[in-house]
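Asker: Right, I'll just put the structure down here and ask away after.
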Amino acid sequence: MENLSNISTIKAILTKHGFTFSKSLGQNFLVNPSVCPRIAEQGGAKQGVGVIEVGTGIGVLTSELAQRADKVVAVEIDQRLLPVLEETLSDYHNIKIINQDILKVDLHKLIQEEFAGMQVVVCANLPYYITSPVIMYLLESRLPIDAVTVMVQKEAAIRICAQPGTRDVGAVSLAVRYFSEPRILFQVSRGSFMPAPNVDSCVIRLDIKKETPQNILDEKLFFRLVKAAFSQRRKTLVNPVSGSLGVGKPRLKQLMEESGIKSTARAEELTMEQFIQLANGITMLKK
Ligand code: SAM
């Protein structure tokens, strides 16, 4: 197959197959030849590694991954792309395409069946309409993987990688940081895609922690607290947390004080440790 990252090659293939982009499936395909090799390399695709890809498009990133890793299993929801991929990836014998919604794939089973004896990483140019659900699905499933390296919209990258206690932090930042060490790798301009979206993007890498925080008494309650606290992010967290978790305001303010949190604090001012302490205080109260 000729160079897949070449824009005229891509256009010719799409025309030949009569392919039209689906906006609702987040189909903005990469047409900048320098981007996919960087995602593959910085995402950890190399000998001894198996890669899960989410969303193949016509296979530009898939082929770069397959050139470096032992095996690639790519999950693509759009059936119309299957004949295209058959053509574009015909030279590779270490790629398996699964035609399914990534959120419905049993990834533990997939890893067990496809990647025995390999280190596993996830690499993708994510469909933007389900960025957070896909990232949280990958993290919450507690998969035996080393890293998740994905392209997301720049604003989402900033939020996901924000440090607790800073202005950009949100519930998703806390949740991601609970399971991983996130960082922004590099920015990609909107002109690198076809069709070009209205915003720039960033590639982020989440290095999966070997262990999630061990001092949490009730993980579910911790996440409920984080979600409630950020539901009115610019306001003091007392009202939404008191309502959502069913703790009276005076008692909640007391627990906040015991965790070193001002009673007027907003969610974005709290550290991860303070969220954990407050969640544990509420858990104890409910016992
Ligand atoms: N990797 C290709 C590239 O970089 O050119 C395509 C990236 S495009 C942003 C997202 C891809 O994800 C599309 O091919 C789309 O059909 C696919 N997709 C959308 N929703 C999906 C889902 N729920 N499960 C799996 N694939 C999905």
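Residue numbering restarts at 1 in every chain; chains get A, B, ... in the order shown in the structure tokens, and ligands count up from 1 in that same order.
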Name the residues in contact with range 240-252 of chain A at a cut-off of 8 Å, using only C-alpha atoms, excluding same-chain residues fewer than 3 positions from it; report them as a PyMOL selection string.

Answerer: chain A and resi 224-225+228-229+231-232+237+255-256+282

Asker: Using DSSP assignments from the backbone, pull out every residue in range 62-204 of chain A that falls under strand (DSSP E) and give it to me as a PyMOL selection string.

Answerer: chain A and resi 71-75+95-98+119-125+147-153+180-188+193-194+201-204

Asker: Once you have the residues from the selection above, write them out as a CSV table (one decimal), in the first residue's frame, restricted to N, CA and C atoms.

Answerer:
chain,number,residue,atom,x,y,z
A,71,LYS,N,1.5,-6.6,17.8
A,71,LYS,CA,0.1,-6.8,17.4
A,71,LYS,C,-0.8,-5.6,17.7
A,72,VAL,N,-1.7,-5.4,16.8
A,72,VAL,CA,-2.7,-4.3,17.0
A,72,VAL,C,-4.1,-4.9,16.9
A,73,VAL,N,-4.9,-4.6,17.9
A,73,VAL,CA,-6.4,-5.0,17.8
A,73,VAL,C,-7.1,-3.6,17.8
A,74,ALA,N,-7.8,-3.4,16.7
A,74,ALA,CA,-8.4,-2.1,16.5
A,74,ALA,C,-9.9,-2.2,16.5
A,75,VAL,N,-10.6,-1.4,17.4
A,75,VAL,CA,-12.1,-1.5,17.5
A,75,VAL,C,-12.7,-0.4,16.7
A,95,ILE,N,-2.6,-7.3,12.4
A,95,ILE,CA,-3.7,-6.4,12.8
A,95,ILE,C,-5.0,-7.2,12.8
A,96,LYS,N,-5.8,-7.0,13.9
A,96,LYS,CA,-7.2,-7.5,13.9
A,96,LYS,C,-8.2,-6.4,14.1
A,97,ILE,N,-9.2,-6.4,13.2
A,97,ILE,CA,-10.2,-5.3,13.3
A,97,ILE,C,-11.5,-5.9,14.0
A,98,ILE,N,-12.0,-5.3,15.0
A,98,ILE,CA,-13.2,-5.7,15.6
A,98,ILE,C,-14.3,-4.6,15.3
A,119,GLN,N,3.1,-6.8,26.8
A,119,GLN,CA,2.7,-5.6,27.5
A,119,GLN,C,1.6,-5.0,26.7
A,120,VAL,N,0.6,-4.3,27.3
A,120,VAL,CA,-0.4,-3.7,26.5
A,120,VAL,C,-0.6,-2.2,26.7
A,121,VAL,N,-0.8,-1.5,25.6
A,121,VAL,CA,-1.1,-0.1,25.7
A,121,VAL,C,-2.3,0.2,24.8
A,122,VAL,N,-2.9,1.4,25.1
A,122,VAL,CA,-4.0,1.9,24.2
A,122,VAL,C,-3.5,3.1,23.5
A,123,CYS,N,-3.8,3.2,22.2
A,123,CYS,CA,-3.4,4.4,21.4
A,123,CYS,C,-4.6,4.7,20.5
A,124,ALA,N,-5.0,6.0,20.4
A,124,ALA,CA,-6.1,6.3,19.6
A,124,ALA,C,-6.2,7.8,19.3
A,125,ASN,N,-6.8,8.1,18.2
A,125,ASN,CA,-7.3,9.5,17.9
A,125,ASN,C,-8.8,9.3,18.2
A,147,ALA,N,-0.4,2.1,29.6
A,147,ALA,CA,-0.6,3.5,29.3
A,147,ALA,C,-1.7,3.7,28.3
A,148,VAL,N,-2.4,4.8,28.3
A,148,VAL,CA,-3.4,5.2,27.4
A,148,VAL,C,-2.9,6.5,26.7
A,149,THR,N,-2.7,6.5,25.4
A,149,THR,CA,-2.2,7.7,24.7
A,149,THR,C,-3.2,8.0,23.7
A,150,VAL,N,-3.9,9.2,23.8
A,150,VAL,CA,-5.0,9.5,23.0
A,150,VAL,C,-5.0,11.0,22.5
A,151,MET,N,-5.5,11.2,21.3
A,151,MET,CA,-5.7,12.6,20.9
A,151,MET,C,-7.1,13.0,21.3
A,152,VAL,N,-7.2,14.2,21.9
A,152,VAL,CA,-8.5,14.7,22.3
A,152,VAL,C,-8.5,16.2,22.0
A,153,GLN,N,-9.7,16.8,22.1
A,153,GLN,CA,-9.7,18.3,21.9
A,153,GLN,C,-8.9,19.0,22.9
A,180,SER,N,-4.3,7.2,37.2
A,180,SER,CA,-3.2,7.4,36.3
A,180,SER,C,-2.4,8.7,36.6
A,181,GLU,N,-1.3,8.8,35.9
A,181,GLU,CA,-0.5,10.1,35.9
A,181,GLU,C,-0.7,10.7,34.5
A,182,PRO,N,-1.5,11.7,34.4
A,182,PRO,CA,-1.7,12.3,33.0
A,182,PRO,C,-0.8,13.4,32.6
A,183,ARG,N,-0.5,13.5,31.4
A,183,ARG,CA,0.3,14.6,30.9
A,183,ARG,C,0.0,14.9,29.4
A,184,ILE,N,0.2,16.2,29.0
A,184,ILE,CA,0.0,16.5,27.6
A,184,ILE,C,1.3,16.3,26.9
A,185,LEU,N,1.3,15.6,25.8
A,185,LEU,CA,2.5,15.3,25.0
A,185,LEU,C,2.8,16.4,24.0
A,186,PHE,N,1.8,16.6,23.1
A,186,PHE,CA,2.0,17.7,22.1
A,186,PHE,C,0.7,18.1,21.5
A,187,GLN,N,0.7,19.3,20.9
A,187,GLN,CA,-0.5,19.9,20.3
A,187,GLN,C,-0.6,19.6,18.8
A,188,VAL,N,-1.8,19.4,18.3
A,188,VAL,CA,-2.0,19.2,16.9
A,188,VAL,C,-3.0,20.2,16.4
A,193,PHE,N,-6.5,17.6,10.2
A,193,PHE,CA,-7.6,16.7,10.1
A,193,PHE,C,-8.4,16.9,8.8
A,194,MET,N,-9.1,15.9,8.4
A,194,MET,CA,-10.1,16.0,7.3
A,194,MET,C,-11.4,15.3,7.7
A,201,SER,N,-6.3,20.2,18.8
A,201,SER,CA,-6.3,19.0,19.6
A,201,SER,C,-5.0,18.9,20.3
A,202,CYS,N,-4.9,17.9,21.3
A,202,CYS,CA,-3.7,17.6,21.9
A,202,CYS,C,-3.6,16.1,22.1
A,203,VAL,N,-2.4,15.6,22.1
A,203,VAL,CA,-2.2,14.2,22.4
A,203,VAL,C,-1.8,14.1,23.9
A,204,ILE,N,-2.5,13.3,24.6
A,204,ILE,CA,-2.2,13.1,26.0
A,204,ILE,C,-1.8,11.7,26.3

Asker: May I have the residues within 6 Å of ligand 1, computed using only C-alpha atoms and all ligand atoms, as a ChimeraX atom specification?

Answerer: /A:25-30,54-57,60-61,75-78,101-102,125-127

Asker: Keeping only N, CA, C and O atoms, write the selected residues as an mmCIF file, in the first residue's frame.

Answerer:
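Written out: again_9.cif:
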data_model
loop_
_atom_site.group_PDB
_atom_site.id
_atom_site.type_symbol
_atom_site.label_atom_id
_atom_site.label_comp_id
_atom_site.auth_asym_id
_atom_site.auth_seq_id
_atom_site.Cartn_x
_atom_site.Cartn_y
_atom_site.Cartn_z
ATOM 1 N N LEU A 25 -20.348 10.235 14.372
ATOM 2 C CA LEU A 25 -19.354 9.259 14.861
ATOM 3 C C LEU A 25 -17.992 9.920 15.106
ATOM 4 O O LEU A 25 -16.992 9.240 15.323
ATOM 5 N N GLY A 26 -17.959 11.247 15.045
ATOM 6 C CA GLY A 26 -16.710 11.966 15.330
ATOM 7 C C GLY A 26 -15.626 11.670 14.318
ATOM 8 O O GLY A 26 -14.449 11.540 14.682
ATOM 9 N N GLN A 27 -16.003 11.570 13.042
ATOM 10 C CA GLN A 27 -15.014 11.174 12.027
ATOM 11 C C GLN A 27 -14.232 12.360 11.472
ATOM 12 O O GLN A 27 -14.616 12.970 10.479
ATOM 13 N N ASN A 28 -13.138 12.691 12.147
ATOM 14 C CA ASN A 28 -12.170 13.650 11.618
ATOM 15 C C ASN A 28 -10.865 12.876 11.479
ATOM 16 O O ASN A 28 -10.231 12.550 12.477
ATOM 17 N N PHE A 29 -10.505 12.552 10.248
ATOM 18 C CA PHE A 29 -9.356 11.669 10.022
ATOM 19 C C PHE A 29 -8.061 12.474 9.934
ATOM 20 O O PHE A 29 -8.035 13.587 9.399
ATOM 21 N N LEU A 30 -6.986 11.887 10.426
ATOM 22 C CA LEU A 30 -5.680 12.560 10.407
ATOM 23 C C LEU A 30 -5.091 12.547 8.999
ATOM 24 O O LEU A 30 -5.028 11.490 8.359
ATOM 25 N N VAL A 54 -8.668 2.535 19.306
ATOM 26 C CA VAL A 54 -10.099 2.835 19.280
ATOM 27 C C VAL A 54 -10.369 3.693 18.050
ATOM 28 O O VAL A 54 -9.862 4.802 17.950
ATOM 29 N N GLY A 55 -11.141 3.183 17.099
ATOM 30 C CA GLY A 55 -11.501 3.987 15.926
ATOM 31 C C GLY A 55 -10.380 4.052 14.909
ATOM 32 O O GLY A 55 -9.413 4.800 15.062
ATOM 33 N N THR A 56 -10.476 3.295 13.823
ATOM 34 C CA THR A 56 -9.377 3.212 12.853
ATOM 35 C C THR A 56 -9.411 4.291 11.788
ATOM 36 O O THR A 56 -8.382 4.588 11.195
ATOM 37 N N GLY A 57 -10.618 4.832 11.485
ATOM 38 C CA GLY A 57 -10.718 5.630 10.267
ATOM 39 C C GLY A 57 -10.297 4.744 9.102
ATOM 40 O O GLY A 57 -10.698 3.579 9.017
ATOM 41 N N VAL A 60 -4.726 5.027 9.182
ATOM 42 C CA VAL A 60 -3.423 5.731 9.154
ATOM 43 C C VAL A 60 -2.604 5.476 10.422
ATOM 44 O O VAL A 60 -1.408 5.186 10.355
ATOM 45 N N LEU A 61 -3.278 5.585 11.572
ATOM 46 C CA LEU A 61 -2.565 5.324 12.833
ATOM 47 C C LEU A 61 -2.357 3.813 13.014
ATOM 48 O O LEU A 61 -1.292 3.375 13.456
ATOM 49 N N VAL A 75 -10.631 -1.441 17.361
ATOM 50 C CA VAL A 75 -12.084 -1.534 17.465
ATOM 51 C C VAL A 75 -12.698 -0.360 16.705
ATOM 52 O O VAL A 75 -12.422 0.798 17.031
ATOM 53 N N GLU A 76 -13.492 -0.659 15.687
ATOM 54 C CA GLU A 76 -14.089 0.391 14.837
ATOM 55 C C GLU A 76 -15.590 0.125 14.720
ATOM 56 O O GLU A 76 -16.005 -0.965 14.314
ATOM 57 N N ILE A 77 -16.386 1.133 15.023
ATOM 58 C CA ILE A 77 -17.840 0.949 15.055
ATOM 59 C C ILE A 77 -18.461 0.997 13.652
ATOM 60 O O ILE A 77 -19.516 0.396 13.407
ATOM 61 N N ASP A 78 -17.829 1.708 12.704
ATOM 62 C CA ASP A 78 -18.460 1.982 11.417
ATOM 63 C C ASP A 78 -18.164 0.873 10.403
ATOM 64 O O ASP A 78 -17.058 0.772 9.866
ATOM 65 N N ASP A 101 -18.814 -1.271 19.000
ATOM 66 C CA ASP A 101 -18.718 -0.061 19.820
ATOM 67 C C ASP A 101 -17.728 -0.360 20.938
ATOM 68 O O ASP A 101 -17.912 -1.322 21.686
ATOM 69 N N ILE A 102 -16.703 0.453 21.077
ATOM 70 C CA ILE A 102 -15.654 0.198 22.083
ATOM 71 C C ILE A 102 -16.258 0.049 23.494
ATOM 72 O O ILE A 102 -15.776 -0.755 24.297
ATOM 73 N N ASN A 125 -6.803 8.120 18.153
ATOM 74 C CA ASN A 125 -7.305 9.456 17.884
ATOM 75 C C ASN A 125 -8.795 9.333 18.177
ATOM 76 O O ASN A 125 -9.560 8.836 17.351
ATOM 77 N N LEU A 126 -9.193 9.753 19.385
ATOM 78 C CA LEU A 126 -10.543 9.421 19.866
ATOM 79 C C LEU A 126 -11.636 10.195 19.154
ATOM 80 O O LEU A 126 -11.461 11.378 18.842
ATOM 81 N N PRO A 127 -12.787 9.529 18.933
ATOM 82 C CA PRO A 127 -13.956 10.289 18.476
ATOM 83 C C PRO A 127 -14.367 11.225 19.622
ATOM 84 O O PRO A 127 -14.565 10.782 20.751
#

Asker: Residues near Ala69 in chain A, anyone? I mean within 9 Å using only C-alpha atoms, not counting same-chain ones fewer than 2 positions away, as a PyMOL selection string.

Answerer: chain A and resi 40+44-51+64-67+71-72+94

Asker: Atoms to include: N, CA and C atoms. Write the selected residues as a tab-separated table (two decimals), in the first residue's frame.

Answerer:
chain	number	residue	atom	x	y	z
A	40	ALA	N	2.38	6.90	17.80
A	40	ALA	CA	2.78	5.50	17.95
A	40	ALA	C	4.02	5.38	18.83
A	44	GLY	N	4.18	4.21	23.06
A	44	GLY	CA	4.81	2.97	23.53
A	44	GLY	C	4.65	1.78	22.60
A	45	ALA	N	4.29	2.02	21.32
A	45	ALA	CA	4.20	0.90	20.37
A	45	ALA	C	5.63	0.47	20.02
A	46	LYS	N	6.00	-0.74	20.40
A	46	LYS	CA	7.34	-1.26	20.12
A	46	LYS	C	7.31	-2.77	20.26
A	47	GLN	N	8.45	-3.39	19.99
A	47	GLN	CA	8.54	-4.84	20.09
A	47	GLN	C	8.11	-5.32	21.47
A	48	GLY	N	7.36	-6.41	21.52
A	48	GLY	CA	6.94	-6.97	22.80
A	48	GLY	C	5.65	-6.36	23.31
A	49	VAL	N	5.11	-5.39	22.53
A	49	VAL	CA	3.90	-4.68	22.98
A	49	VAL	C	2.71	-4.99	22.07
A	50	GLY	N	1.54	-5.13	22.68
A	50	GLY	CA	0.29	-5.25	21.95
A	50	GLY	C	-0.47	-3.94	22.12
A	51	VAL	N	-1.11	-3.48	21.05
A	51	VAL	CA	-1.81	-2.19	21.12
A	51	VAL	C	-3.30	-2.36	20.85
A	64	GLU	N	0.81	2.65	11.41
A	64	GLU	CA	2.02	3.08	12.13
A	64	GLU	C	2.21	2.23	13.40
A	65	LEU	N	1.12	1.90	14.04
A	65	LEU	CA	1.20	1.07	15.26
A	65	LEU	C	1.70	-0.33	14.89
A	66	ALA	N	1.15	-0.87	13.80
A	66	ALA	CA	1.49	-2.24	13.39
A	66	ALA	C	2.95	-2.35	12.93
A	67	GLN	N	3.51	-1.25	12.44
A	67	GLN	CA	4.93	-1.29	12.03
A	67	GLN	C	5.86	-1.38	13.22
A	71	LYS	N	1.48	-6.60	17.85
A	71	LYS	CA	0.12	-6.85	17.38
A	71	LYS	C	-0.78	-5.63	17.67
A	72	VAL	N	-1.74	-5.39	16.79
A	72	VAL	CA	-2.71	-4.31	17.01
A	72	VAL	C	-4.11	-4.89	16.90
A	94	ASN	N	-0.41	-8.45	11.36
A	94	ASN	CA	-0.49	-8.39	12.83
A	94	ASN	C	-1.58	-7.42	13.29

Asker: Going by DSSP on the backbone, which residues of range 58-268 of chain A come out as helix (DSSP H, G or I)? List them as number ranges by chain.

Answerer: A: 60-68, 79-88, 102-104, 107-114, 128-140, 154-161, 171-179, 190-192, 219-230, 238-245, 249-258, 267-268
